[in-house]
file work_28.txt (compact mmCIF, C-alpha atoms)
# COMPACT_ATOMS: atom_id res chain seq x y z
CA MET Q 260 2.81 14.24 -10.23
CA ASN Q 261 4.50 16.51 -12.75
CA SER Q 262 3.99 19.79 -10.92
CA VAL Q 263 6.77 21.24 -8.81
CA GLY Q 264 6.70 24.13 -6.39
CA MET Q 265 9.09 26.71 -5.04
CA GLY Q 266 11.60 25.19 -2.70
CA GLN Q 267 11.31 21.77 -4.37
CA ARG Q 268 13.90 20.23 -6.58
CA PRO Q 269 12.66 19.39 -10.12
CA GLN Q 270 12.74 15.64 -10.66
CA ASN Q 271 12.70 15.58 -14.46
CA ARG Q 272 13.06 17.76 -17.55
CA ARG Q 273 9.36 18.62 -17.68
CA GLN Q 274 9.38 19.89 -14.10
CA GLN Q 275 12.48 21.93 -14.87
CA VAL Q 276 10.70 23.60 -17.79
CA VAL Q 277 7.57 24.25 -15.70
CA LYS Q 278 9.57 25.81 -12.89
CA PHE Q 279 11.63 27.86 -15.36
CA LEU Q 280 8.48 29.26 -16.96
CA TRP Q 281 6.89 29.98 -13.57
CA VAL Q 282 9.94 31.90 -12.39
CA GLY Q 283 10.30 33.61 -15.76
CA ILE Q 284 6.80 35.14 -15.60
CA TRP Q 285 7.94 37.53 -12.90
CA LEU Q 286 10.75 38.86 -15.05
CA ALA Q 287 8.10 41.04 -16.71
CA TYR Q 288 8.70 43.53 -13.90
CA LEU Q 289 12.17 44.15 -15.32
CA SER Q 290 10.55 46.26 -18.00
CA ALA Q 291 11.72 49.44 -16.23
CA PRO Q 292 15.46 48.63 -16.55
CA VAL Q 293 14.91 47.46 -20.13
CA ARG Q 294 13.18 50.72 -21.04
CA ASP Q 295 15.98 52.61 -19.40
CA LEU Q 296 18.56 50.83 -21.55
CA LEU Q 297 16.53 51.41 -24.71
CA HIS Q 298 15.37 54.97 -24.14
CA GLY Q 299 17.39 56.30 -21.21
CA GLY Q 300 19.86 58.28 -23.30
CA HIS Q 301 22.90 56.37 -22.07
CA SER Q 302 26.03 56.11 -24.15
CA ASP Q 303 26.64 53.00 -26.19
CA GLY Q 304 29.29 51.72 -23.80
CA VAL Q 305 27.01 52.19 -20.79
CA VAL Q 306 24.17 50.44 -22.62
CA VAL Q 307 26.38 47.45 -23.44
CA LEU Q 308 27.59 47.21 -19.85
CA GLY Q 309 24.00 47.60 -18.64
CA TRP Q 310 22.79 44.70 -20.78
CA ILE Q 311 25.67 42.55 -19.56
CA GLY Q 312 24.88 43.46 -15.95
CA LEU Q 313 21.16 42.76 -16.39
CA ALA Q 314 21.87 39.42 -18.08
CA ALA Q 315 24.26 38.46 -15.28
CA PHE Q 316 21.65 39.41 -12.66
CA VAL Q 317 18.92 37.38 -14.37
CA PHE Q 318 21.23 34.38 -14.78
CA TRP Q 319 22.26 34.46 -11.14
CA TYR Q 320 18.66 34.93 -10.02
CA PHE Q 321 17.51 31.93 -12.06
CA THR Q 322 20.40 29.83 -10.82
CA LEU Q 323 19.51 30.61 -7.22
CA VAL Q 324 15.73 30.19 -7.41
CA VAL Q 325 15.56 27.21 -9.78
CA ARG Q 326 18.15 25.28 -7.79
CA ALA Q 327 16.39 26.02 -4.50
CA GLY Q 328 15.70 22.81 -2.61
CA ARG Q 329 18.72 20.89 -3.93
CA GLY Q 330 20.34 20.68 -0.54
CA GLU Q 331 22.95 23.45 -0.91
CA ARG Q 332 24.46 24.65 2.31
CA ASN Q 333 23.05 27.87 3.75
CA GLY Q 334 26.43 29.53 3.34
CA VAL Q 335 26.34 28.97 -0.43
CA VAL Q 336 22.80 30.37 -0.67
CA LEU Q 337 23.71 33.40 1.46
CA GLY Q 338 26.70 34.03 -0.79
CA SER Q 339 24.48 33.86 -3.87
CA VAL Q 340 22.01 36.33 -2.32
CA ALA Q 341 24.94 38.63 -1.49
CA VAL Q 342 26.05 38.50 -5.13
CA LEU Q 343 22.53 39.47 -6.26
CA ALA Q 344 22.44 42.32 -3.74
CA ALA Q 345 25.84 43.56 -4.91
CA GLN Q 346 24.75 43.49 -8.57
CA SER Q 347 21.58 45.41 -7.69
CA THR Q 348 23.55 48.05 -5.80
CA VAL Q 349 26.11 48.57 -8.57
CA LEU Q 350 23.49 48.77 -11.32
CA SER Q 351 21.21 51.09 -9.32
CA LEU Q 352 23.97 53.51 -8.36
CA THR Q 353 25.43 53.65 -11.87
CA LEU Q 354 22.33 53.55 -14.09
CA GLY Q 355 19.61 55.20 -12.04
CA ARG Q 356 16.40 54.71 -10.08
CA GLU Q 357 14.74 52.39 -12.62
CA TRP Q 358 17.15 49.70 -11.48
CA LEU Q 359 15.98 49.77 -7.87
CA VAL Q 360 13.41 47.13 -8.81
CA LEU Q 361 16.21 44.55 -8.74
CA TYR Q 362 16.11 44.62 -4.94
CA VAL Q 363 12.59 43.16 -5.05
CA TYR Q 364 14.00 40.12 -6.84
CA VAL Q 365 16.73 39.83 -4.24
CA ALA Q 366 14.13 39.81 -1.44
CA ILE Q 367 12.00 37.21 -3.25
CA ALA Q 368 15.04 35.03 -3.89
CA SER Q 369 15.90 35.24 -0.19
CA GLY Q 370 12.44 34.04 0.79
CA ALA Q 371 12.43 31.27 -1.80
CA ALA Q 372 15.90 29.86 -1.22
CA LEU Q 373 16.65 30.44 2.47
CA PRO Q 374 15.10 28.71 5.48
CA PHE Q 375 12.79 30.95 7.48
CA ARG Q 376 15.22 31.44 10.36
CA LEU Q 377 17.62 33.15 7.92
CA ALA Q 378 15.09 34.68 5.52
CA ARG Q 379 13.36 36.60 8.32
CA TRP Q 380 16.59 38.60 8.75
CA MET Q 381 17.76 38.69 5.14
CA ILE Q 382 14.52 40.13 3.72
CA PRO Q 383 14.50 43.18 6.06
CA ALA Q 384 18.23 43.60 5.38
CA VAL Q 385 17.60 43.69 1.62
CA SER Q 386 14.73 46.14 2.18
CA ALA Q 387 17.05 48.37 4.25
CA LEU Q 388 19.62 48.22 1.47
CA LEU Q 389 16.88 49.20 -0.99
CA THR Q 390 15.97 52.16 1.19
CA GLY Q 391 19.58 53.31 1.41
CA ALA Q 392 20.09 53.03 -2.34
CA ALA Q 393 16.84 54.92 -3.01
CA LEU Q 394 18.02 57.79 -0.79
CA VAL Q 395 21.32 57.99 -2.67
CA VAL Q 396 20.10 57.55 -6.26
CA PRO Q 397 18.66 60.79 -7.73
CA GLY Q 398 14.86 60.60 -7.69
CA GLY Q 399 14.94 57.23 -5.98
CA THR Q 400 12.67 58.25 -3.10
CA ALA Q 401 9.79 58.54 -5.57
CA PHE Q 402 10.14 54.80 -6.25
CA LEU Q 403 10.76 53.80 -2.64
CA THR Q 404 7.16 53.30 -1.52
CA GLY Q 405 6.24 51.38 -4.67
CA LEU Q 406 9.18 49.00 -4.23
CA LEU Q 407 9.61 48.62 -0.47
CA PHE Q 408 6.25 46.97 0.18
CA PRO Q 409 6.55 44.51 -2.75
CA ALA Q 410 10.01 43.55 -1.51
CA LEU Q 411 8.78 42.85 2.03
CA LEU Q 412 5.50 41.27 0.95
CA GLY Q 413 7.02 39.18 -1.85
CA GLY Q 414 9.91 38.00 0.27
CA PHE Q 415 7.82 36.89 3.22
CA SER Q 416 5.21 35.40 0.90
CA MET Q 417 7.91 33.18 -0.55
CA THR Q 418 8.86 32.05 2.95
CA GLY Q 419 5.24 31.10 3.51
CA VAL Q 420 5.12 29.19 0.22
CA ARG Q 421 8.37 27.43 1.06
CA GLU Q 422 7.12 26.42 4.51
CA LEU Q 423 3.80 25.26 3.06
CA ILE Q 424 5.56 23.07 0.52
CA ARG Q 425 7.88 21.71 3.19
CA THR Q 426 4.92 20.90 5.43
CA THR Q 427 3.04 19.27 2.55
CA THR Q 428 6.07 17.18 1.66
CA GLU Q 429 6.49 16.07 5.26
CA LEU Q 430 2.78 15.23 5.44
CA ARG Q 431 3.00 13.07 2.32
CA GLU Q 432 6.06 11.32 3.69
CA ALA Q 433 4.27 10.79 6.99
CA ARG Q 434 1.25 9.32 5.22
CA ALA Q 435 3.49 6.99 3.24
CA THR Q 436 5.22 5.95 6.46
CA VAL Q 437 1.88 5.32 8.17
CA ALA Q 438 0.72 3.24 5.20
CA ARG Q 439 3.91 1.16 5.32
CA LEU Q 440 3.60 0.68 9.07
CA ALA Q 441 -0.05 -0.31 8.69
CA ALA Q 442 0.84 -2.84 6.01
CA ASN Q 443 3.62 -4.25 8.17
CA GLU Q 444 1.30 -4.44 11.16
CA GLU Q 445 -1.31 -6.23 9.07
CA ARG Q 446 1.27 -8.75 7.87
CA LEU Q 447 2.41 -9.32 11.42
CA ARG Q 448 -1.18 -9.76 12.56
CA LEU Q 449 -1.85 -12.27 9.77
CA ALA Q 450 1.33 -14.18 10.63
CA ARG Q 451 0.35 -14.12 14.31
CA ASP Q 452 -3.19 -15.31 13.62
CA LEU Q 453 -2.05 -18.11 11.30
CA HIS Q 454 0.54 -19.21 13.86
CA ASP Q 455 -2.08 -19.30 16.59
CA LEU Q 456 -4.51 -21.13 14.34
CA LEU Q 457 -2.17 -23.68 12.80
CA GLY Q 458 0.54 -24.14 15.42
CA HIS Q 459 -1.48 -26.35 17.74
CA SER Q 460 -3.31 -28.16 14.92
CA LEU Q 461 -0.15 -29.02 12.98
CA SER Q 462 1.61 -30.15 16.14
CA LEU Q 463 -1.34 -32.42 16.96
CA ILE Q 464 -1.43 -33.78 13.40
CA THR Q 465 2.29 -34.54 13.57
CA LEU Q 466 1.94 -36.29 16.91
CA LYS Q 467 -1.02 -38.40 15.80
CA SER Q 468 0.71 -39.28 12.53
CA GLU Q 469 3.67 -40.61 14.50
CA LEU Q 470 1.32 -42.61 16.74
CA ALA Q 471 -0.51 -44.06 13.75
CA GLY Q 472 2.82 -45.06 12.19
CA ARG Q 473 3.91 -46.87 15.36
CA MET Q 474 0.55 -48.66 15.66
CA LEU Q 475 0.85 -50.14 12.18
CA PRO Q 476 0.73 -53.02 11.39
CA GLY Q 477 0.14 -54.44 14.86
CA HIS Q 478 -2.94 -52.38 15.84
CA PRO Q 479 -4.71 -51.28 12.64
CA GLU Q 480 -7.93 -50.37 14.49
CA LYS Q 481 -6.13 -47.92 16.76
CA ALA Q 482 -4.17 -46.56 13.82
CA ALA Q 483 -7.43 -45.98 11.94
CA GLN Q 484 -8.76 -44.03 14.92
CA GLN Q 485 -5.67 -41.83 14.91
CA VAL Q 486 -6.14 -41.21 11.17
CA ALA Q 487 -9.76 -40.25 11.78
CA ASP Q 488 -8.62 -37.81 14.46
CA ILE Q 489 -6.07 -36.35 12.03
CA GLU Q 490 -8.82 -35.82 9.46
CA GLN Q 491 -11.04 -34.06 12.01
CA VAL Q 492 -8.21 -31.80 13.20
CA SER Q 493 -7.19 -30.90 9.64
CA ARG Q 494 -10.78 -30.07 8.67
CA GLN Q 495 -11.16 -27.83 11.70
CA ALA Q 496 -7.84 -26.15 10.90
CA LEU Q 497 -9.08 -25.52 7.35
CA VAL Q 498 -12.28 -23.95 8.66
CA ASP Q 499 -10.30 -21.75 11.06
CA VAL Q 500 -7.92 -20.59 8.32
CA ARG Q 501 -10.81 -19.75 5.99
CA ALA Q 502 -12.51 -17.79 8.75
CA ALA Q 503 -9.30 -15.88 9.46
CA VAL Q 504 -8.49 -15.14 5.82
CA ALA Q 505 -12.06 -14.00 5.19
CA GLY Q 506 -11.32 -11.06 7.47
CA TYR Q 507 -8.52 -9.97 5.13
CA ARG Q 508 -10.10 -10.66 1.75
CA LYS Q 509 -13.73 -9.64 1.46
CA PRO Q 510 -14.61 -8.93 -2.16
CA ARG Q 511 -17.52 -6.66 -3.02
CA LEU Q 512 -20.06 -7.26 -5.76
CA LEU Q 513 -19.59 -3.89 -7.43
CA GLU Q 514 -15.84 -4.45 -7.65
CA GLU Q 515 -16.28 -8.00 -8.91
CA LEU Q 516 -18.77 -6.90 -11.57
CA ALA Q 517 -16.27 -4.34 -12.84
CA GLY Q 518 -13.51 -6.95 -12.78
CA ALA Q 519 -15.73 -9.48 -14.57
CA ARG Q 520 -16.42 -7.02 -17.38
CA VAL Q 521 -12.70 -6.41 -17.83
CA ALA Q 522 -11.83 -10.13 -17.76
CA LEU Q 523 -14.56 -11.17 -20.20
CA THR Q 524 -13.79 -8.34 -22.60
CA ALA Q 525 -10.09 -9.18 -22.52
CA ALA Q 526 -10.96 -12.79 -23.40
CA GLY Q 527 -13.04 -11.69 -26.38
CA ILE Q 528 -16.32 -12.70 -24.73
CA THR Q 529 -19.37 -10.48 -25.04
CA ALA Q 530 -20.39 -9.53 -21.50
CA GLU Q 531 -23.93 -8.71 -20.41
CA LEU Q 532 -23.82 -7.52 -16.81
CA PRO Q 533 -26.14 -5.49 -14.57
CA ALA Q 534 -25.21 -1.82 -14.46
CA GLU Q 535 -25.63 -1.06 -10.76
CA PRO Q 536 -27.25 -3.71 -8.56
CA ASP Q 537 -29.48 -2.91 -5.61
CA LEU Q 538 -27.64 -4.10 -2.50
CA ASP Q 539 -29.89 -2.52 0.14
CA GLY Q 540 -30.39 -4.86 3.06
CA VAL Q 541 -27.86 -7.42 1.80
CA PRO Q 542 -25.71 -8.67 4.70
CA GLU Q 543 -21.97 -8.46 4.33
CA ASP Q 544 -21.59 -12.24 4.47
CA SER Q 545 -24.14 -12.71 1.68
CA GLU Q 546 -22.51 -10.09 -0.53
CA THR Q 547 -19.06 -11.57 0.05
CA ALA Q 548 -20.23 -15.10 -0.80
CA LEU Q 549 -21.95 -13.92 -4.00
CA ALA Q 550 -18.86 -11.90 -4.95
CA TRP Q 551 -16.72 -15.04 -4.60
CA ALA Q 552 -19.26 -16.95 -6.68
CA LEU Q 553 -19.14 -14.35 -9.44
CA ARG Q 554 -15.34 -14.40 -9.47
CA GLU Q 555 -15.18 -18.19 -9.66
CA ALA Q 556 -17.86 -18.40 -12.34
CA VAL Q 557 -16.23 -15.77 -14.57
CA THR Q 558 -12.83 -17.40 -14.10
CA ASN Q 559 -14.28 -20.70 -15.29
CA VAL Q 560 -15.94 -19.05 -18.28
CA VAL Q 561 -12.71 -17.36 -19.33
CA ARG Q 562 -10.48 -20.40 -18.81
CA HIS Q 563 -12.56 -23.39 -19.80
CA SER Q 564 -15.79 -22.59 -21.59
CA GLY Q 565 -14.77 -21.44 -25.06
CA ALA Q 566 -17.85 -19.20 -24.86
CA ARG Q 567 -18.61 -16.20 -27.03
CA ARG Q 568 -21.19 -14.65 -24.71
CA CYS Q 569 -21.67 -14.53 -20.96
CA THR Q 570 -24.72 -13.15 -19.17
CA VAL Q 571 -24.78 -12.15 -15.52
CA GLU Q 572 -28.05 -11.41 -13.71
CA LEU Q 573 -28.56 -10.25 -10.14
CA LEU Q 574 -32.18 -10.40 -8.96
CA ARG Q 575 -34.16 -10.51 -5.74
CA ARG Q 576 -36.35 -13.57 -5.29
CA ARG Q 577 -39.00 -14.13 -2.64
CA THR Q 578 -39.13 -17.78 -1.68
CA LEU Q 579 -40.56 -19.86 1.13
CA ASP Q 580 -37.25 -19.40 2.94
CA GLY Q 581 -37.50 -15.60 2.69
CA LEU Q 582 -36.08 -12.93 0.43
CA LEU Q 583 -32.97 -14.01 -1.46
CA LEU Q 584 -30.49 -12.27 -3.74
CA GLU Q 585 -29.88 -14.51 -6.73
CA LEU Q 586 -26.77 -14.39 -8.93
CA ALA Q 587 -27.01 -16.19 -12.26
CA VAL Q 588 -24.03 -16.60 -14.60
CA GLU Q 589 -24.72 -18.29 -17.94
CA ASP Q 590 -22.48 -18.80 -20.96
CA ASP Q 591 -22.93 -20.36 -24.39
CA GLY Q 592 -19.71 -22.38 -24.26
CA SER Q 593 -19.08 -26.02 -24.89
CA GLY Q 594 -18.05 -26.69 -21.33
CA GLY Q 595 -14.67 -28.04 -20.22
CA PRO Q 596 -12.92 -29.22 -17.10
CA ARG Q 597 -15.19 -27.38 -14.75
CA GLY Q 598 -17.83 -28.94 -12.62
CA GLY Q 599 -20.56 -28.17 -10.21
CA PRO Q 600 -22.29 -30.15 -7.61
CA GLY Q 601 -22.97 -33.34 -9.34
CA GLY Q 602 -22.05 -31.91 -12.67
CA GLY Q 603 -18.29 -31.99 -12.97
CA PRO Q 604 -16.15 -34.37 -14.87
CA GLY Q 605 -16.80 -37.83 -13.69
CA GLY Q 606 -19.91 -36.64 -11.91
CA GLY Q 607 -18.01 -35.00 -9.08
CA PRO Q 608 -17.95 -31.39 -8.08
CA GLY Q 609 -15.02 -29.17 -9.00
CA ASN Q 610 -12.77 -27.92 -6.23
CA GLY Q 611 -13.57 -24.22 -6.79
CA LEU Q 612 -17.32 -24.78 -6.83
CA THR Q 613 -17.09 -27.02 -3.79
CA GLY Q 614 -15.46 -24.12 -1.94
CA LEU Q 615 -18.23 -21.81 -3.17
CA THR Q 616 -20.86 -24.22 -1.89
CA GLU Q 617 -19.25 -24.15 1.52
CA ARG Q 618 -19.05 -20.34 1.51
CA LEU Q 619 -22.68 -19.96 0.51
CA THR Q 620 -23.79 -22.55 3.05
CA GLN Q 621 -22.05 -20.61 5.80
CA ALA Q 622 -23.88 -17.46 4.63
CA GLY Q 623 -27.23 -19.32 4.58
CA GLY Q 624 -27.35 -19.59 0.79
CA THR Q 625 -27.23 -22.26 -1.89
CA LEU Q 626 -25.39 -22.99 -5.13
CA GLU Q 627 -26.58 -24.71 -8.28
CA ALA Q 628 -24.33 -25.34 -11.26
CA GLY Q 629 -24.52 -27.55 -14.32
CA ARG Q 630 -25.15 -27.81 -18.03
CA ALA Q 631 -27.78 -25.50 -19.47
CA ARG Q 632 -29.52 -25.61 -22.79
CA ASN Q 633 -26.92 -23.49 -24.54
CA GLY Q 634 -23.91 -23.83 -22.28
CA PHE Q 635 -23.25 -23.74 -18.56
CA LEU Q 636 -25.30 -22.09 -15.81
CA LEU Q 637 -24.34 -21.20 -12.26
CA ILE Q 638 -26.94 -19.89 -9.80
CA ALA Q 639 -25.92 -18.68 -6.35
CA ARG Q 640 -28.45 -17.49 -3.78
CA ALA Q 641 -27.88 -15.72 -0.49
CA PRO Q 642 -30.36 -14.30 2.04
CA VAL Q 643 -31.32 -10.65 2.28
CA ALA Q 644 -31.82 -9.39 5.82
CA ALA Q 645 -34.12 -6.44 5.21
CA VAL Q 646 -36.77 -5.90 2.57
CA PRO Q 647 -36.81 -2.40 0.98
CA ALA Q 648 -40.29 -0.95 0.56
CA ASP Q 649 -40.02 -0.72 -3.24
CA VAL Q 650 -38.88 -4.32 -3.80
CA GLY Q 651 -41.38 -6.66 -5.40
CA SER Q 652 -41.38 -10.42 -5.28
CA GLY Q 653 -39.91 -12.55 -8.00
CA ALA Q 654 -41.02 -15.85 -9.37
call {"tool": "encode", "arguments": {"input": "work_28.txt", "output": "structure tokens"}}
result
Amino acid sequence: MNSVGMGQRPQNRRQQVVKFLWVGIWLAYLSAPVRDLLHGGHSDGVVVLGWIGLAAFVFWYFTLVVRAGRGERNGVVLGSVAVLAAQSTVLSLTLGREWLVLYVYVAIASGAALPFRLARWMIPAVSALLTGAALVVPGGTAFLTGLLFPALLGGFSMTGVRELIRTTTELREARATVARLAANEERLRLARDLHDLLGHSLSLITLKSELAGRMLPGHPEKAAQQVADIEQVSRQALVDVRAAVAGYRKPRLLEELAGARVALTAAGITAELPAEPDLDGVPEDSETALAWALREAVTNVVRHSGARRCTVELLRRRTLDGLLLELAVEDDGSGGPRGGPGGGPGGGPGNGLTGLTERLTQAGGTLEAGRARNGFLLIARAPVAAVPADVGSGA
């Protein structure tokens, strides 16, 4: 964010300019001292000294307020406020009641730059000093009411703004800390789950591998049995890992459609995708399986097809097995090293599509993939649990 508030340190040049302009707006209330210097009938020497004093006050005020939040010690800030108060007193007593307005700036600077435990005493002290100066300066009591309340109100308002910013900053830091802790906890949980899932299986595979090695070549039948056991254990471990990882990575169709549009466009392929699919009644497992299918299909189109156009359709079909959500991805490419069930290079299925088949089977769906008339076609189907009232049947 490029905005910066009172009590915060500007982080870059733009924030410094914004804060400078924000603080500078309130200098419009110095019009009374300026008018006094221009039309107050003072001698030239007094006018010159008055301008110098006003410039010094404004410079010190800006230095104090703009640098608020940079970690200065409270003693330094109190000394700066004392300098402002001294300048206000000297200018008010020497030039007249129009200069009493400077005390308002001193009170505001106290609220903006000091912590509340100090500002709650400094602001009333500045207001008391204003009252004393108004009683001494000729005609100052006429300005007292109009300046005393702004000094108190402005000063304590700045303490409220400072505390609000401090609380907001602490809340953001707390949220960031919670997010980091949650991420760390999730990593620990994943490591714990994978250890629990794979520790026993890998130990068993290692043990059986050693047994099979010792049984060869004297007992090949027993060694073959150990190898078969190793295959069974490894397959079960793979199923367990996929089930565990599925809890961490569950893509959604809407997100995958948006990602598909970006990927196809970046590859220079004209994309025809459904705007906003109807997912009412679609189980989470079915949506996740179809989302994986869409990701794999689009990845294949981008990497291997050489296509110029890709069409994605998402329709509901009523079949003998019930209502299904059908995802169809078709391109006009020349094909490549991608395969489907029975349609890959050498007649075998590709690894990615084999994984999709397994995912869809677990969700109760099916996968078809192979050469189409003008390119390659992938069709994934997954069951829909509930039937919305306005859904018609498809062919």
call {"tool": "residues_around", "arguments": {"input": "work_28.txt", "residues": "Q:Phe635", "least_positions_apart": "5", "cutoff": "9 Å", "atoms": "all atoms listed in the file", "output": "list in words"}}
result
Val560, Ser564, Val588, Glu589, Asp590, Asp591, Gly592, Ser593, Gly594, Ala628, Gly629 and Arg630 of chain Q
call {"tool": "residues_around", "arguments": {"input": "work_28.txt", "residues": "Q:Tyr362", "least_positions_apart": "5", "cutoff": "10 Å", "atoms": "all atoms listed in the file", "output": "ChimeraX atom specification"}}
result
/Q:343-348,351,367-368,382,385-390,392,406-407,409-410
call {"tool": "closest_residue", "arguments": {"input": "work_28.txt", "among": "Q:Leu403, Q:Leu549, Q:Leu582, Q:Ala622", "to": "Q:Ala639", "atoms": "only C-alpha atoms"}}
result
Q:Leu549
call {"tool": "residues_around", "arguments": {"input": "work_28.txt", "residues": "stretch 305-321 of chain Q", "least_positions_apart": "5", "cutoff": "12 Å", "atoms": "all atoms listed in the file", "output": "MDAnalysis selection string"}}
result
chainID Q and resid 275 278:300 326:327 336 338:355 358 360:369 371:372
call {"tool": "closest_residue", "arguments": {"input": "work_28.txt", "among": "Q:Glu429, Q:Asp488, Q:Glu469, Q:Glu585", "to": "Q:Leu626", "atoms": "only C-alpha atoms"}}
result
Q:Glu585
call {"tool": "build_atoms", "arguments": {"input": "work_28.txt", "residues": "stretch 307-326 of chain Q", "atoms": "N, CA and C atoms", "output": "CSV table (one decimal), keeping the file's coordinate frame"}}
result
chain,number,residue,atom,x,y,z
Q,307,VAL,N,25.8,48.8,-23.3
Q,307,VAL,CA,26.4,47.4,-23.4
Q,307,VAL,C,26.7,46.9,-22.1
Q,308,LEU,N,27.3,47.7,-21.2
Q,308,LEU,CA,27.6,47.2,-19.8
Q,308,LEU,C,26.3,47.0,-19.1
Q,309,GLY,N,25.3,47.8,-19.3
Q,309,GLY,CA,24.0,47.6,-18.6
Q,309,GLY,C,23.3,46.3,-19.0
Q,310,TRP,N,23.4,46.0,-20.3
Q,310,TRP,CA,22.8,44.7,-20.8
Q,310,TRP,C,23.6,43.5,-20.2
Q,311,ILE,N,24.9,43.6,-20.1
Q,311,ILE,CA,25.7,42.6,-19.6
Q,311,ILE,C,25.3,42.4,-18.1
Q,312,GLY,N,25.2,43.5,-17.4
Q,312,GLY,CA,24.9,43.5,-16.0
Q,312,GLY,C,23.5,42.9,-15.7
Q,313,LEU,N,22.5,43.3,-16.5
Q,313,LEU,CA,21.2,42.8,-16.4
Q,313,LEU,C,21.1,41.3,-16.7
Q,314,ALA,N,21.8,40.8,-17.8
Q,314,ALA,CA,21.9,39.4,-18.1
Q,314,ALA,C,22.5,38.6,-17.0
Q,315,ALA,N,23.6,39.1,-16.4
Q,315,ALA,CA,24.3,38.5,-15.3
Q,315,ALA,C,23.3,38.4,-14.1
Q,316,PHE,N,22.6,39.4,-13.8
Q,316,PHE,CA,21.6,39.4,-12.7
Q,316,PHE,C,20.6,38.4,-12.9
Q,317,VAL,N,20.0,38.3,-14.1
Q,317,VAL,CA,18.9,37.4,-14.4
Q,317,VAL,C,19.5,36.0,-14.3
Q,318,PHE,N,20.7,35.7,-14.8
Q,318,PHE,CA,21.2,34.4,-14.8
Q,318,PHE,C,21.5,33.9,-13.3
Q,319,TRP,N,22.0,34.8,-12.5
Q,319,TRP,CA,22.3,34.5,-11.1
Q,319,TRP,C,21.0,34.3,-10.4
Q,320,TYR,N,20.0,35.1,-10.7
Q,320,TYR,CA,18.7,34.9,-10.0
Q,320,TYR,C,18.0,33.6,-10.4
Q,321,PHE,N,18.1,33.2,-11.7
Q,321,PHE,CA,17.5,31.9,-12.1
Q,321,PHE,C,18.3,30.8,-11.4
Q,322,THR,N,19.6,30.9,-11.4
Q,322,THR,CA,20.4,29.8,-10.8
Q,322,THR,C,20.0,29.6,-9.4
Q,323,LEU,N,19.8,30.7,-8.6
Q,323,LEU,CA,19.5,30.6,-7.2
Q,323,LEU,C,18.1,30.0,-7.0
Q,324,VAL,N,17.1,30.6,-7.7
Q,324,VAL,CA,15.7,30.2,-7.4
Q,324,VAL,C,15.4,28.8,-8.0
Q,325,VAL,N,15.9,28.5,-9.2
Q,325,VAL,CA,15.6,27.2,-9.8
Q,325,VAL,C,16.2,26.1,-9.0
Q,326,ARG,N,17.4,26.3,-8.5
Q,326,ARG,CA,18.2,25.3,-7.8
Q,326,ARG,C,17.8,25.2,-6.3
